[in-house]
file coords_10.txt (compact mmCIF, C-alpha atoms)
# COMPACT_ATOMS: atom_id res chain seq x y z
CA MET P 10 14.20 41.05 31.49
CA LYS P 11 10.40 41.17 32.00
CA LYS P 12 10.39 44.81 31.05
CA LYS P 13 12.26 43.98 27.89
CA ILE P 14 9.76 41.25 26.92
CA ILE P 15 6.78 43.53 27.62
CA PHE P 16 8.44 46.27 25.64
CA PHE P 17 9.06 43.85 22.76
CA ILE P 18 5.41 42.66 22.75
CA LEU P 19 4.19 46.27 22.89
CA TYR P 20 6.56 47.12 20.09
CA LEU P 21 5.16 44.25 18.00
CA PHE P 22 1.58 45.37 18.60
CA LEU P 23 2.42 48.97 17.79
CA THR P 24 4.31 48.12 14.62
CA GLN P 25 1.51 45.83 13.49
CA GLU P 26 -1.03 48.57 14.19
CA VAL P 27 1.08 50.87 12.07
CA MET P 28 1.40 48.22 9.35
CA ALA P 29 -2.36 47.58 9.45
CA LYS P 30 -2.99 51.27 9.02
CA GLU P 31 -0.35 51.46 6.30
CA GLY P 32 -2.06 48.76 4.27
CA MET P 33 -1.98 45.29 5.85
CA PRO P 34 -5.53 44.71 7.08
CA GLN P 35 -4.55 41.19 8.14
CA LEU P 36 -2.51 42.67 10.99
CA ASN P 37 -5.48 44.47 12.47
CA PRO P 38 -6.34 42.39 15.55
CA GLU P 39 -9.93 43.63 15.69
CA PHE P 40 -11.45 40.45 14.25
CA TRP P 41 -8.73 37.96 15.16
CA LEU P 42 -10.66 36.32 17.97
CA SER P 43 -13.83 36.26 15.95
CA GLN P 44 -12.01 34.59 13.05
CA ILE P 45 -10.40 32.03 15.37
CA PHE P 46 -13.79 31.31 16.94
CA TRP P 47 -15.52 30.67 13.62
CA LEU P 48 -12.50 28.76 12.34
CA ILE P 49 -12.71 26.41 15.34
CA ILE P 50 -16.46 25.99 14.77
CA PHE P 51 -16.28 25.24 11.02
CA PHE P 52 -13.08 23.24 11.15
CA GLY P 53 -14.43 21.30 14.11
CA VAL P 54 -17.71 20.51 12.36
CA LEU P 55 -15.86 19.44 9.23
CA TYR P 56 -13.38 17.34 11.19
CA PHE P 57 -16.18 15.69 13.15
CA LEU P 58 -18.15 14.80 10.00
CA ILE P 59 -15.09 13.52 8.17
CA HIS P 60 -13.86 11.56 11.19
CA LYS P 61 -17.20 10.03 12.15
CA PHE P 62 -19.07 9.57 8.85
CA PHE P 63 -17.27 10.16 5.56
CA SER P 64 -13.92 8.65 6.38
CA PRO P 65 -15.17 5.33 7.87
CA LYS P 66 -17.71 4.93 5.07
CA LEU P 67 -15.19 5.46 2.29
CA PHE P 68 -12.45 3.52 4.04
CA SER P 69 -14.70 0.52 4.62
CA LEU P 70 -15.67 0.65 0.95
CA ILE P 71 -12.04 0.92 -0.15
CA ASP P 72 -11.15 -2.02 2.15
CA GLN P 73 -14.13 -3.98 0.83
CA ARG P 74 -13.01 -3.32 -2.74
CA ALA P 75 -9.45 -4.26 -1.88
CA ASP P 76 -10.73 -7.53 -0.32
CA LEU P 77 -12.84 -8.23 -3.39
CA LEU P 78 -9.94 -7.53 -5.69
CA ARG P 79 -7.67 -9.67 -3.54
CA SER P 80 -10.15 -12.56 -3.63
CA LEU P 81 -10.59 -12.14 -7.39
CA ILE P 82 -6.83 -12.08 -7.85
CA SER P 83 -6.40 -15.21 -5.72
CA GLU P 84 -9.24 -16.90 -7.63
CA THR P 85 -7.59 -15.97 -10.90
CA GLU P 86 -4.29 -17.25 -9.54
CA ASN P 87 -5.96 -20.54 -8.57
CA ASN P 88 -7.60 -20.82 -11.99
CA LYS P 89 -4.27 -20.09 -13.60
CA ASN P 90 -2.60 -22.79 -11.52
CA GLN P 91 -5.42 -25.19 -12.35
CA ILE P 92 -5.04 -24.40 -16.05
CA GLN P 93 -1.30 -24.88 -15.75
CA LYS P 94 -1.84 -28.20 -14.02
CA LEU P 95 -4.33 -29.34 -16.65
CA ASP P 96 -2.01 -28.18 -19.38
CA ASN P 97 0.84 -30.14 -17.83
CA GLU P 98 -1.37 -33.21 -17.54
CA TYR P 99 -2.49 -32.78 -21.13
CA ASN P 100 1.11 -32.46 -22.31
CA LYS P 101 2.06 -35.49 -20.25
CA ILE P 102 -0.80 -37.52 -21.75
CA ILE P 103 0.11 -36.34 -25.24
CA ASP P 104 3.76 -37.25 -24.68
CA GLU P 105 2.78 -40.64 -23.31
CA ALA P 106 0.42 -41.21 -26.24
CA LYS P 107 3.16 -40.23 -28.68
CA LYS P 108 5.59 -42.57 -26.95
CA ASN P 109 3.02 -45.40 -26.92
CA SER P 110 2.11 -44.84 -30.55
CA LYS P 111 5.80 -44.95 -31.48
CA GLU P 112 6.28 -48.13 -29.50
CA ILE P 113 3.16 -49.71 -31.01
CA SER P 114 4.19 -48.59 -34.46
CA ALA P 115 7.69 -50.04 -34.01
CA LYS P 116 6.24 -53.29 -32.62
CA LEU P 117 3.78 -53.61 -35.49
CA ASN P 118 6.53 -52.85 -37.94
CA ASP P 119 8.71 -55.57 -36.42
CA GLU P 120 5.83 -58.03 -36.41
CA PHE P 121 5.03 -57.19 -39.99
CA ASN P 122 8.65 -57.55 -41.04
CA GLU P 123 8.88 -60.86 -39.21
CA LYS P 124 5.70 -62.11 -40.85
CA ILE P 125 6.91 -60.91 -44.20
CA SER P 126 10.25 -62.70 -43.73
CA ILE P 127 8.48 -65.92 -42.64
CA LYS P 128 6.15 -65.73 -45.63
CA LYS P 129 9.12 -65.02 -47.85
CA LYS P 130 11.00 -68.02 -46.51
CA GLU P 131 7.89 -70.21 -46.87
CA PHE P 132 7.41 -68.97 -50.37
CA GLU P 133 11.07 -69.59 -51.18
CA ILE P 134 10.81 -73.14 -49.82
CA TYR P 135 7.61 -73.69 -51.77
CA LEU P 136 9.20 -72.16 -54.85
CA ASN P 137 12.27 -74.35 -54.47
CA ALA P 138 10.10 -77.44 -54.00
CA GLU P 139 8.01 -76.58 -57.01
CA THR P 140 11.07 -75.80 -59.08
CA THR P 141 12.67 -79.08 -58.08
CA LYS P 142 9.44 -80.91 -58.85
CA VAL P 143 9.09 -79.26 -62.23
CA GLU P 144 12.75 -79.91 -63.01
CA ASN P 145 12.30 -83.52 -62.04
CA ASP P 146 9.22 -83.76 -64.24
CA ILE P 147 11.09 -82.14 -67.11
CA ASN P 148 14.00 -84.53 -66.64
CA HIS P 149 11.60 -87.40 -66.40
CA PHE P 150 9.81 -86.34 -69.57
CA LYS P 151 13.13 -85.75 -71.26
CA GLN P 152 14.34 -89.18 -70.25
CA GLN P 153 11.07 -90.68 -71.37
CA ALA P 154 11.40 -88.84 -74.69
CA LEU P 155 14.97 -90.06 -75.05
CA ASP P 156 13.90 -93.58 -74.16
CA ASN P 157 11.13 -93.54 -76.77
CA ILE P 158 13.20 -91.90 -79.47
CA SER P 159 14.79 -95.25 -80.74
CA GLU P 160 11.34 -96.82 -80.93
CA ILE P 161 9.95 -93.84 -82.84
CA ALA P 162 13.02 -93.86 -85.05
CA SER P 163 12.67 -97.65 -85.79
CA GLU P 164 8.98 -97.27 -86.68
CA PHE P 165 9.75 -94.27 -88.86
CA SER P 166 12.65 -96.11 -90.52
CA LYS P 167 10.49 -99.20 -91.03
CA GLU P 168 7.80 -97.19 -92.76
CA LEU P 169 10.43 -95.34 -94.80
CA ILE P 170 12.17 -98.55 -95.91
CA GLU P 171 8.85 -100.13 -96.65
CA LYS P 172 7.85 -97.22 -98.87
CA ILE P 173 11.23 -97.05 -100.58
CA THR P 174 11.89 -100.79 -101.03
CA GLY P 175 8.38 -102.12 -100.77
CA THR P 176 9.55 -104.85 -98.37
CA LYS P 177 9.04 -105.12 -94.68
CA PRO P 178 12.32 -105.00 -92.74
CA ASN P 179 13.02 -107.29 -89.85
CA ASP P 180 12.12 -105.53 -86.63
CA SER P 181 14.89 -106.95 -84.51
CA ASN P 182 17.59 -106.09 -87.05
CA LEU P 183 16.27 -102.61 -87.43
CA LYS P 184 16.23 -102.03 -83.69
CA VAL P 185 19.84 -103.19 -83.38
CA VAL P 186 20.96 -100.84 -86.17
CA ILE P 187 19.11 -97.89 -84.73
CA SER P 188 20.42 -98.51 -81.24
CA GLU P 189 23.95 -98.66 -82.63
CA ILE P 190 23.43 -95.42 -84.56
CA SER P 191 21.98 -93.69 -81.51
CA LYS P 192 24.90 -94.91 -79.41
CA LYS P 193 27.36 -93.54 -81.95
CA HIS P 194 25.42 -90.33 -82.09
CA LYS P 195 25.51 -89.99 -78.30
CA GLU P 196 29.19 -90.74 -78.22
CA SER P 197 29.96 -88.24 -80.95
CA ARG P 198 27.96 -85.65 -79.03
CA TYR P 199 29.84 -86.19 -75.77
CA VAL P 200 33.30 -86.38 -77.41
CA MET U 17 -13.51 48.12 -8.37
CA ALA U 18 -11.38 49.23 -5.43
CA THR U 19 -8.06 50.77 -6.33
CA ASN U 20 -6.23 49.67 -3.20
CA PRO U 21 -5.03 46.09 -3.76
CA MET U 22 -4.94 45.45 -0.02
CA GLN U 23 -8.56 46.39 0.45
CA GLN U 24 -9.64 42.89 -0.59
CA PHE U 25 -8.11 41.53 2.62
CA GLU U 26 -10.18 43.71 4.93
CA VAL U 27 -12.37 41.87 7.36
CA HIS U 28 -15.73 43.38 8.15
CA LYS U 29 -18.76 42.40 10.13
CA ILE U 30 -21.78 40.76 8.54
CA GLY U 31 -24.94 41.08 10.60
CA PRO U 32 -25.22 41.95 14.27
CA SER U 33 -22.36 42.07 16.76
CA LEU U 34 -21.96 38.90 18.81
CA SER U 35 -19.86 38.45 21.93
CA ILE U 36 -19.14 35.85 24.61
CA ASN U 37 -17.84 37.19 27.92
CA GLY U 38 -16.88 40.41 26.22
CA ILE U 39 -15.01 38.62 23.42
CA ASP U 40 -16.18 39.72 20.03
CA ILE U 41 -17.22 36.74 17.90
CA SER U 42 -19.17 38.65 15.26
CA PHE U 43 -19.81 36.92 11.97
CA THR U 44 -17.52 38.43 9.35
CA ASN U 45 -16.87 38.06 5.63
CA SER U 46 -14.00 35.76 6.60
CA SER U 47 -16.40 33.58 8.62
CA LEU U 48 -18.85 33.62 5.70
CA PHE U 49 -16.27 32.17 3.31
CA MET U 50 -15.19 29.64 5.91
CA MET U 51 -18.83 28.61 6.13
CA ILE U 52 -19.17 28.44 2.32
CA SER U 53 -16.05 26.29 2.14
CA THR U 54 -17.35 23.99 4.87
CA ILE U 55 -20.75 23.65 3.17
CA LEU U 56 -19.10 22.92 -0.19
CA ILE U 57 -16.83 20.26 1.32
CA ILE U 58 -19.69 18.63 3.23
CA THR U 59 -21.85 18.64 0.08
CA PHE U 60 -18.99 17.12 -1.88
CA PHE U 61 -18.56 14.33 0.66
CA ILE U 62 -22.32 13.76 1.09
CA LEU U 63 -22.77 13.40 -2.68
CA GLY U 64 -19.74 11.13 -2.86
CA THR U 65 -20.74 8.84 0.00
CA LYS U 66 -24.53 8.85 -0.46
CA LYS U 67 -24.66 5.71 -2.59
CA VAL U 68 -21.30 4.07 -2.23
CA SER U 69 -20.71 1.08 -4.45
CA ILE U 70 -17.80 -1.15 -5.41
CA VAL U 71 -17.97 0.31 -8.92
CA PRO U 72 -17.88 4.04 -8.09
CA GLY U 73 -19.82 6.91 -9.64
CA LYS U 74 -18.23 10.19 -10.79
CA ILE U 75 -18.36 12.06 -7.45
CA GLN U 76 -17.42 8.92 -5.53
CA ILE U 77 -14.35 8.63 -7.74
CA LEU U 78 -13.38 12.22 -6.82
CA ASN U 79 -13.98 11.46 -3.13
CA GLU U 80 -11.84 8.35 -3.31
CA LEU U 81 -9.20 10.26 -5.25
CA VAL U 82 -8.90 12.81 -2.42
CA PHE U 83 -8.90 10.04 0.21
CA ASN U 84 -6.28 7.98 -1.59
CA PHE U 85 -4.14 11.04 -2.28
CA ILE U 86 -4.00 12.03 1.39
CA SER U 87 -3.72 8.44 2.55
CA LYS U 88 -0.76 7.86 0.24
CA MET U 89 0.87 11.13 1.31
CA ILE U 90 0.56 10.20 5.00
CA ASN U 91 1.87 6.67 4.35
CA GLU U 92 4.87 8.01 2.46
CA THR U 93 5.81 10.75 4.91
CA VAL U 94 4.83 9.29 8.28
CA GLY U 95 4.05 5.60 7.78
CA SER U 96 1.16 3.32 8.51
CA ASP U 97 1.07 4.17 12.25
CA ALA U 98 -0.20 7.66 11.40
CA LYS U 99 -3.63 6.34 10.39
CA PRO U 100 -5.39 7.91 13.45
CA TYR U 101 -4.26 11.34 12.21
CA PHE U 102 -5.71 10.80 8.74
CA PRO U 103 -9.05 12.63 9.34
CA PHE U 104 -7.22 15.66 10.73
CA ILE U 105 -4.74 15.88 7.84
CA LEU U 106 -7.53 15.33 5.31
CA THR U 107 -9.68 18.03 6.91
CA LEU U 108 -6.72 20.38 7.02
CA PHE U 109 -5.80 19.82 3.39
CA ILE U 110 -9.28 20.00 1.93
CA PHE U 111 -10.30 22.99 4.07
CA ILE U 112 -7.22 25.01 3.08
CA LEU U 113 -7.53 23.93 -0.56
CA THR U 114 -11.19 24.92 -0.75
CA MET U 115 -10.57 28.28 0.91
CA ASN U 116 -7.64 28.94 -1.45
CA MET U 117 -9.69 28.02 -4.51
CA ILE U 118 -12.77 29.99 -3.46
CA GLY U 119 -10.53 33.01 -2.91
CA LEU U 120 -9.69 32.98 -6.61
CA LEU U 121 -13.28 33.75 -7.60
CA PRO U 122 -13.94 37.44 -8.31
CA TYR U 123 -15.50 39.39 -5.42
CA SER U 124 -14.81 36.53 -3.03
CA PHE U 125 -12.61 36.55 0.06
CA THR U 126 -9.46 34.50 0.66
CA VAL U 127 -9.60 33.26 4.23
CA THR U 128 -6.06 31.86 4.02
CA SER U 129 -4.70 35.32 3.24
CA GLN U 130 -5.41 36.17 6.90
CA VAL U 131 -2.28 35.61 8.94
CA ILE U 132 -4.24 34.82 12.07
CA ILE U 133 -5.99 31.93 10.32
CA THR U 134 -2.79 30.37 8.98
CA PHE U 135 -1.00 31.05 12.27
CA PHE U 136 -3.79 29.40 14.22
CA PHE U 137 -3.60 26.31 12.03
CA ALA U 138 0.20 26.27 12.41
CA ILE U 139 0.19 26.75 16.18
CA VAL U 140 -2.45 24.03 16.63
CA ILE U 141 -0.28 21.66 14.59
CA PHE U 142 2.84 22.72 16.47
CA ILE U 143 1.25 22.18 19.88
CA GLY U 144 -0.42 18.97 18.75
CA VAL U 145 2.80 17.55 17.36
CA THR U 146 4.69 18.50 20.52
CA ILE U 147 2.05 16.80 22.70
CA VAL U 148 2.18 13.69 20.47
CA GLY U 149 5.98 13.74 20.67
CA PHE U 150 6.02 13.86 24.49
CA ALA U 151 3.18 11.34 24.77
CA LYS U 152 5.00 8.89 22.50
CA ASN U 153 8.59 9.39 23.65
CA GLY U 154 8.30 11.02 27.07
CA LEU U 155 11.24 13.26 27.90
CA GLY U 156 13.16 11.44 25.16
CA PHE U 157 11.37 13.76 22.74
CA LEU U 158 13.88 16.42 23.82
CA LYS U 159 16.48 14.42 21.89
CA ILE U 160 14.98 16.03 18.81
CA PHE U 161 17.12 19.06 19.69
CA VAL U 162 20.31 17.01 19.84
CA PRO U 163 21.56 16.02 16.40
CA SER U 164 23.40 12.70 16.38
CA GLY U 165 26.96 12.16 15.16
CA ILE U 166 28.39 15.61 15.84
CA PRO U 167 31.35 16.65 18.02
CA VAL U 168 30.43 17.41 21.63
CA PHE U 169 31.92 20.92 21.60
CA LEU U 170 29.46 21.88 18.83
CA LEU U 171 26.44 20.61 20.77
CA PRO U 172 25.57 23.83 22.70
CA LEU U 173 25.50 25.81 19.48
CA LEU U 174 23.57 23.21 17.49
CA VAL U 175 21.03 22.60 20.27
CA VAL U 176 20.26 26.32 20.31
CA ILE U 177 19.91 26.29 16.51
CA GLU U 178 17.65 23.23 16.68
CA ILE U 179 15.46 24.85 19.34
CA ILE U 180 15.14 28.03 17.28
CA SER U 181 14.40 25.95 14.19
CA PHE U 182 11.75 23.96 16.10
CA LEU U 183 10.12 27.08 17.54
CA SER U 184 10.08 28.84 14.19
CA ARG U 185 8.07 26.00 12.62
CA PRO U 186 4.65 27.59 13.24
CA ILE U 187 5.91 30.92 11.94
CA SER U 188 7.39 29.48 8.75
CA LEU U 189 4.36 27.25 8.21
CA SER U 190 1.85 30.06 8.64
CA VAL U 191 3.81 32.78 6.84
CA ARG U 192 4.42 30.54 3.81
CA LEU U 193 0.71 30.02 3.16
CA PHE U 194 -0.33 33.55 4.15
CA ALA U 195 2.40 35.25 2.07
CA ASN U 196 1.70 33.15 -1.01
CA MET U 197 -2.00 33.92 -0.90
CA LEU U 198 -1.40 37.59 -0.13
CA ALA U 199 1.16 38.07 -2.90
CA GLY U 200 -0.85 36.21 -5.52
CA HIS U 201 -4.09 38.05 -4.84
CA THR U 202 -2.34 41.39 -4.60
CA MET U 203 -0.72 40.84 -7.98
CA LEU U 204 -4.03 39.79 -9.51
CA LYS U 205 -5.62 42.92 -8.12
CA VAL U 206 -2.78 45.15 -9.36
CA PHE U 207 -2.97 43.71 -12.88
CA GLY U 208 -6.76 43.95 -12.75
CA GLY U 209 -6.34 47.61 -11.83
CA PHE U 210 -4.02 48.09 -14.83
CA VAL U 211 -6.61 46.55 -17.14
CA VAL U 212 -9.22 49.03 -15.92
CA SER U 213 -6.94 52.09 -15.94
CA LEU U 214 -5.38 51.37 -19.35
CA GLY U 215 -8.78 50.72 -20.86
CA ILE U 216 -9.69 48.86 -24.02
CA LEU U 217 -6.62 50.11 -25.93
CA GLY U 218 -3.77 49.27 -23.54
CA GLY U 219 -5.40 46.84 -21.15
CA TRP U 220 -4.80 43.71 -23.23
CA LEU U 221 -1.27 43.11 -22.00
CA PRO U 222 -2.12 43.25 -18.26
CA LEU U 223 -5.24 41.21 -19.04
CA SER U 224 -3.15 38.46 -20.57
CA PHE U 225 -0.85 38.66 -17.53
CA SER U 226 -3.92 38.36 -15.30
CA VAL U 227 -5.07 35.24 -17.16
CA ALA U 228 -1.61 33.66 -16.84
CA LEU U 229 -1.43 34.70 -13.17
CA THR U 230 -4.83 33.16 -12.49
CA ALA U 231 -3.60 29.84 -13.87
CA LEU U 232 -0.48 30.15 -11.72
CA GLU U 233 -2.57 31.04 -8.67
CA ILE U 234 -4.72 27.92 -9.16
CA LEU U 235 -1.52 25.91 -9.08
CA VAL U 236 -0.23 27.83 -6.06
CA ALA U 237 -3.57 27.35 -4.27
CA PHE U 238 -3.27 23.59 -4.65
CA LEU U 239 0.44 23.51 -4.00
CA GLN U 240 0.24 25.54 -0.79
CA ALA U 241 -2.52 23.36 0.61
CA TYR U 242 -0.41 20.32 -0.24
CA VAL U 243 2.76 21.84 1.24
CA PHE U 244 0.91 22.73 4.44
CA ALA U 245 -0.40 19.17 4.76
CA VAL U 246 2.96 17.58 3.87
CA LEU U 247 4.87 19.73 6.37
CA SER U 248 2.32 18.86 9.04
CA CYS U 249 2.94 15.19 8.24
CA ILE U 250 6.72 15.68 8.38
CA TYR U 251 6.48 17.36 11.80
CA LEU U 252 4.23 14.51 12.92
CA ASN U 253 6.76 12.02 11.61
CA ASP U 254 9.51 13.72 13.65
CA ALA U 255 7.36 13.37 16.76
CA LEU U 256 6.44 9.75 16.10
CA HIS U 257 9.73 8.38 14.86
CA MET U 258 12.46 10.66 16.29
CA HIS U 259 14.96 10.68 13.42
CA HIS U 260 17.59 12.69 15.30
call {"tool": "encode", "arguments": {"input": "coords_10.txt", "output": "structure tokens"}}
result
Amino acid sequence: MKKKIIFFILYLFLTQEVMAKEGMPQLNPEFWLSQIFWLIIFFGVLYFLIHKFFSPKLFSLIDQRADLLRSLISETENNKNQIQKLDNEYNKIIDEAKKNSKEISAKLNDEFNEKISIKKKEFEIYLNAETTKVENDINHFKQQALDNISEIASEFSKELIEKITGTKPNDSNLKVVISEISKKHKESRYV
Amino acid sequence: MATNPMQQFEVHKIGPSLSINGIDISFTNSSLFMMISTILIITFFILGTKKVSIVPGKIQILNELVFNFISKMINETVGSDAKPYFPFILTLFIFILTMNMIGLLPYSFTVTSQVIITFFFAIVIFIGVTIVGFAKNGLGFLKIFVPSGIPVFLLPLLVVIEIISFLSRPISLSVRLFANMLAGHTMLKVFGGFVVSLGILGGWLPLSFSVALTALEILVAFLQAYVFAVLSCIYLNDALHMHH
């Protein structure tokens, strides 16, 4: 088994030597160790610098920025909530004010209507009283006029008779005649 | 311009030979481009993190973009408990991406077209993930080879398949990146060669192909770095959360 493995490794080396000679310089092991050595050196230096300096510096900055952004976002969120709260309060106040104004308006309207109706009633009463008074006065004056009409008629008749006949008629006789005529006249009017 | 399209992948020494205990560690063109990539990445991060502020500048935005991209990828594939592995995945992604991109520049060298580089990355990830798996789950990590909800008589066969599949992870991971880089650059070189050989009269068609291929290669360079990082995260996820 060992012989086989050794043979296989030798075979690999030989074939690669052949391939290197044929045109694959990568398979020439001459500078393999040297390349590995320098690769370890440069890769190691780079890894060390990235691990110890560049990576922590940039990561701390990225974390710092993320923290800042997070705090700004939370601040914005708080401000947004505050604005929302204020907006809600404002809307609530506006709604309340609208409600109050409606209530006040309705109350004032009722009061006004009530006052108007009272005034109207008062005015109606006053108007009725005045109308009654005026009607009474009119009736009174009418009655007075009717009462005086026989007297006026007797005086007028007296003067007329005096002018026509040239004699003065007896006042008492004249009054009786006129009162009879006026009675007849009234009766004829009511019949 | 070299006529052999594979010549661009040749590694050669730059400067004097160096060795530790007889092991050759000479500085090569591959090492040079690794160094250039490292310097570019470090410069990019230094410029991006020099004056960090809450309101970022242009380079800081790019830095944060890369960080957030990898962070999001890890969170989506592994979850939030993979945060300790973030620097490794980020380094892996950005290192491979930079090396892929630099390789697209004319007269440069693509480090990720070297199979040993991609294989080393893959084997490190494979070993690392296995260690994490055993550290997190103990011997229960071996359950990863036993798929749940299957008939018992199929288990021996499926366990073998699962073991082969698990062991082939570093190979598939490394060969995917290496082969993509190799094929893309070879094709670019071949079409470049056509442009030169066909001259000003007939070279326009391969030139237009080269332009289109370059655009495609930029996409592939990014995509392969991303795929490598994502697969590493998926393997890590298997070790941390044991979905089987």
call {"tool": "residues_around", "arguments": {"input": "coords_10.txt", "residues": "Tyr251 (chain U)", "least_positions_apart": "2", "cutoff": "9 Å", "atoms": "only C-alpha atoms", "output": "NGL selection string"}}
result
:U and (94 or 141-142 or 145-146 or 185 or 246-249 or 253-256)
call {"tool": "interface_residues", "arguments": {"input": "coords_10.txt", "of": "chain U", "to": "chain P", "cutoff": "7 Å", "atoms": "all atoms listed in the file", "output": "PyMOL selection string"}}
result
chain U and resi 22+25-26+40-42+46-47+50-51+54+61+65+70+103-104+107+130-133
call {"tool": "write_last_selection", "arguments": {"input": "coords_10.txt", "atoms": "C-alpha atoms", "output": "compact mmCIF listing (two decimals), keeping the file's coordinate frame"}}
result
# COMPACT_ATOMS: atom_id res chain seq x y z
CA MET U 22 -4.94 45.45 -0.02
CA PHE U 25 -8.11 41.53 2.62
CA GLU U 26 -10.18 43.71 4.93
CA ASP U 40 -16.18 39.72 20.03
CA ILE U 41 -17.22 36.74 17.90
CA SER U 42 -19.17 38.65 15.26
CA SER U 46 -14.00 35.76 6.60
CA SER U 47 -16.40 33.58 8.62
CA MET U 50 -15.19 29.64 5.91
CA MET U 51 -18.83 28.61 6.13
CA THR U 54 -17.35 23.99 4.87
CA PHE U 61 -18.56 14.33 0.66
CA THR U 65 -20.74 8.84 0.00
CA ILE U 70 -17.80 -1.15 -5.41
CA PRO U 103 -9.05 12.63 9.34
CA PHE U 104 -7.22 15.66 10.73
CA THR U 107 -9.68 18.03 6.91
CA GLN U 130 -5.41 36.17 6.90
CA VAL U 131 -2.28 35.61 8.94
CA ILE U 132 -4.24 34.82 12.07
CA ILE U 133 -5.99 31.93 10.32
call {"tool": "residues_near_point", "arguments": {"input": "coords_10.txt", "point": "(-4.7, 33.6, -2.7)", "cutoff": "10 Å", "atoms": "all atoms listed in the file", "output": "PyMOL selection string"}}
result
chain U and resi 115-121+125-130+193-204+230+233-234+236-237+240
call {"tool": "write_last_selection", "arguments": {"input": "coords_10.txt", "atoms": "C-alpha atoms", "output": "CSV table (one decimal), keeping the file's coordinate frame"}}
result
chain,number,residue,atom,x,y,z
U,115,MET,CA,-10.6,28.3,0.9
U,116,ASN,CA,-7.6,28.9,-1.4
U,117,MET,CA,-9.7,28.0,-4.5
U,118,ILE,CA,-12.8,30.0,-3.5
U,119,GLY,CA,-10.5,33.0,-2.9
U,120,LEU,CA,-9.7,33.0,-6.6
U,121,LEU,CA,-13.3,33.8,-7.6
U,125,PHE,CA,-12.6,36.6,0.1
U,126,THR,CA,-9.5,34.5,0.7
U,127,VAL,CA,-9.6,33.3,4.2
U,128,THR,CA,-6.1,31.9,4.0
U,129,SER,CA,-4.7,35.3,3.2
U,130,GLN,CA,-5.4,36.2,6.9
U,193,LEU,CA,0.7,30.0,3.2
U,194,PHE,CA,-0.3,33.6,4.2
U,195,ALA,CA,2.4,35.2,2.1
U,196,ASN,CA,1.7,33.2,-1.0
U,197,MET,CA,-2.0,33.9,-0.9
U,198,LEU,CA,-1.4,37.6,-0.1
U,199,ALA,CA,1.2,38.1,-2.9
U,200,GLY,CA,-0.8,36.2,-5.5
U,201,HIS,CA,-4.1,38.0,-4.8
U,202,THR,CA,-2.3,41.4,-4.6
U,203,MET,CA,-0.7,40.8,-8.0
U,204,LEU,CA,-4.0,39.8,-9.5
U,230,THR,CA,-4.8,33.2,-12.5
U,233,GLU,CA,-2.6,31.0,-8.7
U,234,ILE,CA,-4.7,27.9,-9.2
U,236,VAL,CA,-0.2,27.8,-6.1
U,237,ALA,CA,-3.6,27.4,-4.3
U,240,GLN,CA,0.2,25.5,-0.8
call {"tool": "closest_residue", "arguments": {"input": "coords_10.txt", "among": "U:Phe244, U:Phe150, U:Phe109, U:Phe43", "to": "Arg192 (chain U)", "atoms": "only C-alpha atoms"}}
result
U:Phe244
call {"tool": "atom_distance", "arguments": {"input": "coords_10.txt", "atom1": "CA of Asp97 (chain U)", "atom2": "CA of Ser181 (chain U)"}}
result
25.6 Å
call {"tool": "atom_distance", "arguments": {"input": "coords_10.txt", "atom1": "CA of Val186 (chain P)", "atom2": "CA of Lys167 (chain P)"}}
result
11.7 Å
call {"tool": "residues_around", "arguments": {"input": "coords_10.txt", "residues": "Phe210 (chain U)", "least_positions_apart": "4", "cutoff": "10 Å", "atoms": "all atoms listed in the file", "output": "list in words"}}
result
Thr19, Leu204, Lys205, Val206, Leu214, Gly215, Gly218, Gly219, Trp220, Leu221, Pro222, Leu223 and Ser226 of chain U
call {"tool": "atom_distance", "arguments": {"input": "coords_10.txt", "atom1": "CA of Val212 (chain U)", "atom2": "CA of Leu229 (chain U)"}}
result
16.5 Å
call {"tool": "residues_around", "arguments": {"input": "coords_10.txt", "residues": "Pro163 (chain U)", "least_positions_apart": "2", "cutoff": "10 Å", "atoms": "all atoms listed in the file", "output": "PDB file with C-alpha atoms, in the frame of the given file"}}
result
ATOM      1  CA  LYS U 159      16.480  14.420  21.890  1.00  0.00           C
ATOM      2  CA  ILE U 160      14.980  16.030  18.810  1.00  0.00           C
ATOM      3  CA  PHE U 161      17.120  19.060  19.690  1.00  0.00           C
ATOM      4  CA  GLY U 165      26.960  12.160  15.160  1.00  0.00           C
ATOM      5  CA  ILE U 166      28.390  15.610  15.840  1.00  0.00           C
ATOM      6  CA  PRO U 167      31.350  16.650  18.020  1.00  0.00           C
ATOM      7  CA  LEU U 171      26.440  20.610  20.770  1.00  0.00           C
ATOM      8  CA  LEU U 174      23.570  23.210  17.490  1.00  0.00           C
ATOM      9  CA  VAL U 175      21.030  22.600  20.270  1.00  0.00           C
ATOM     10  CA  GLU U 178      17.650  23.230  16.680  1.00  0.00           C
ATOM     11  CA  HIS U 259      14.960  10.680  13.420  1.00  0.00           C
ATOM     12  CA  HIS U 260      17.590  12.690  15.300  1.00  0.00           C
TER      13      HIS U 260
END
call {"tool": "axis_aligned_box", "arguments": {"input": "coords_10.txt", "around": "region 42-45 of chain U", "padding_each_side": "6 Å", "output": "JSON"}}
result
{"center_x": -18.3, "center_y": 37.8, "center_z": 10.4, "size_x": 14.9, "size_y": 13.7, "size_z": 21.6}
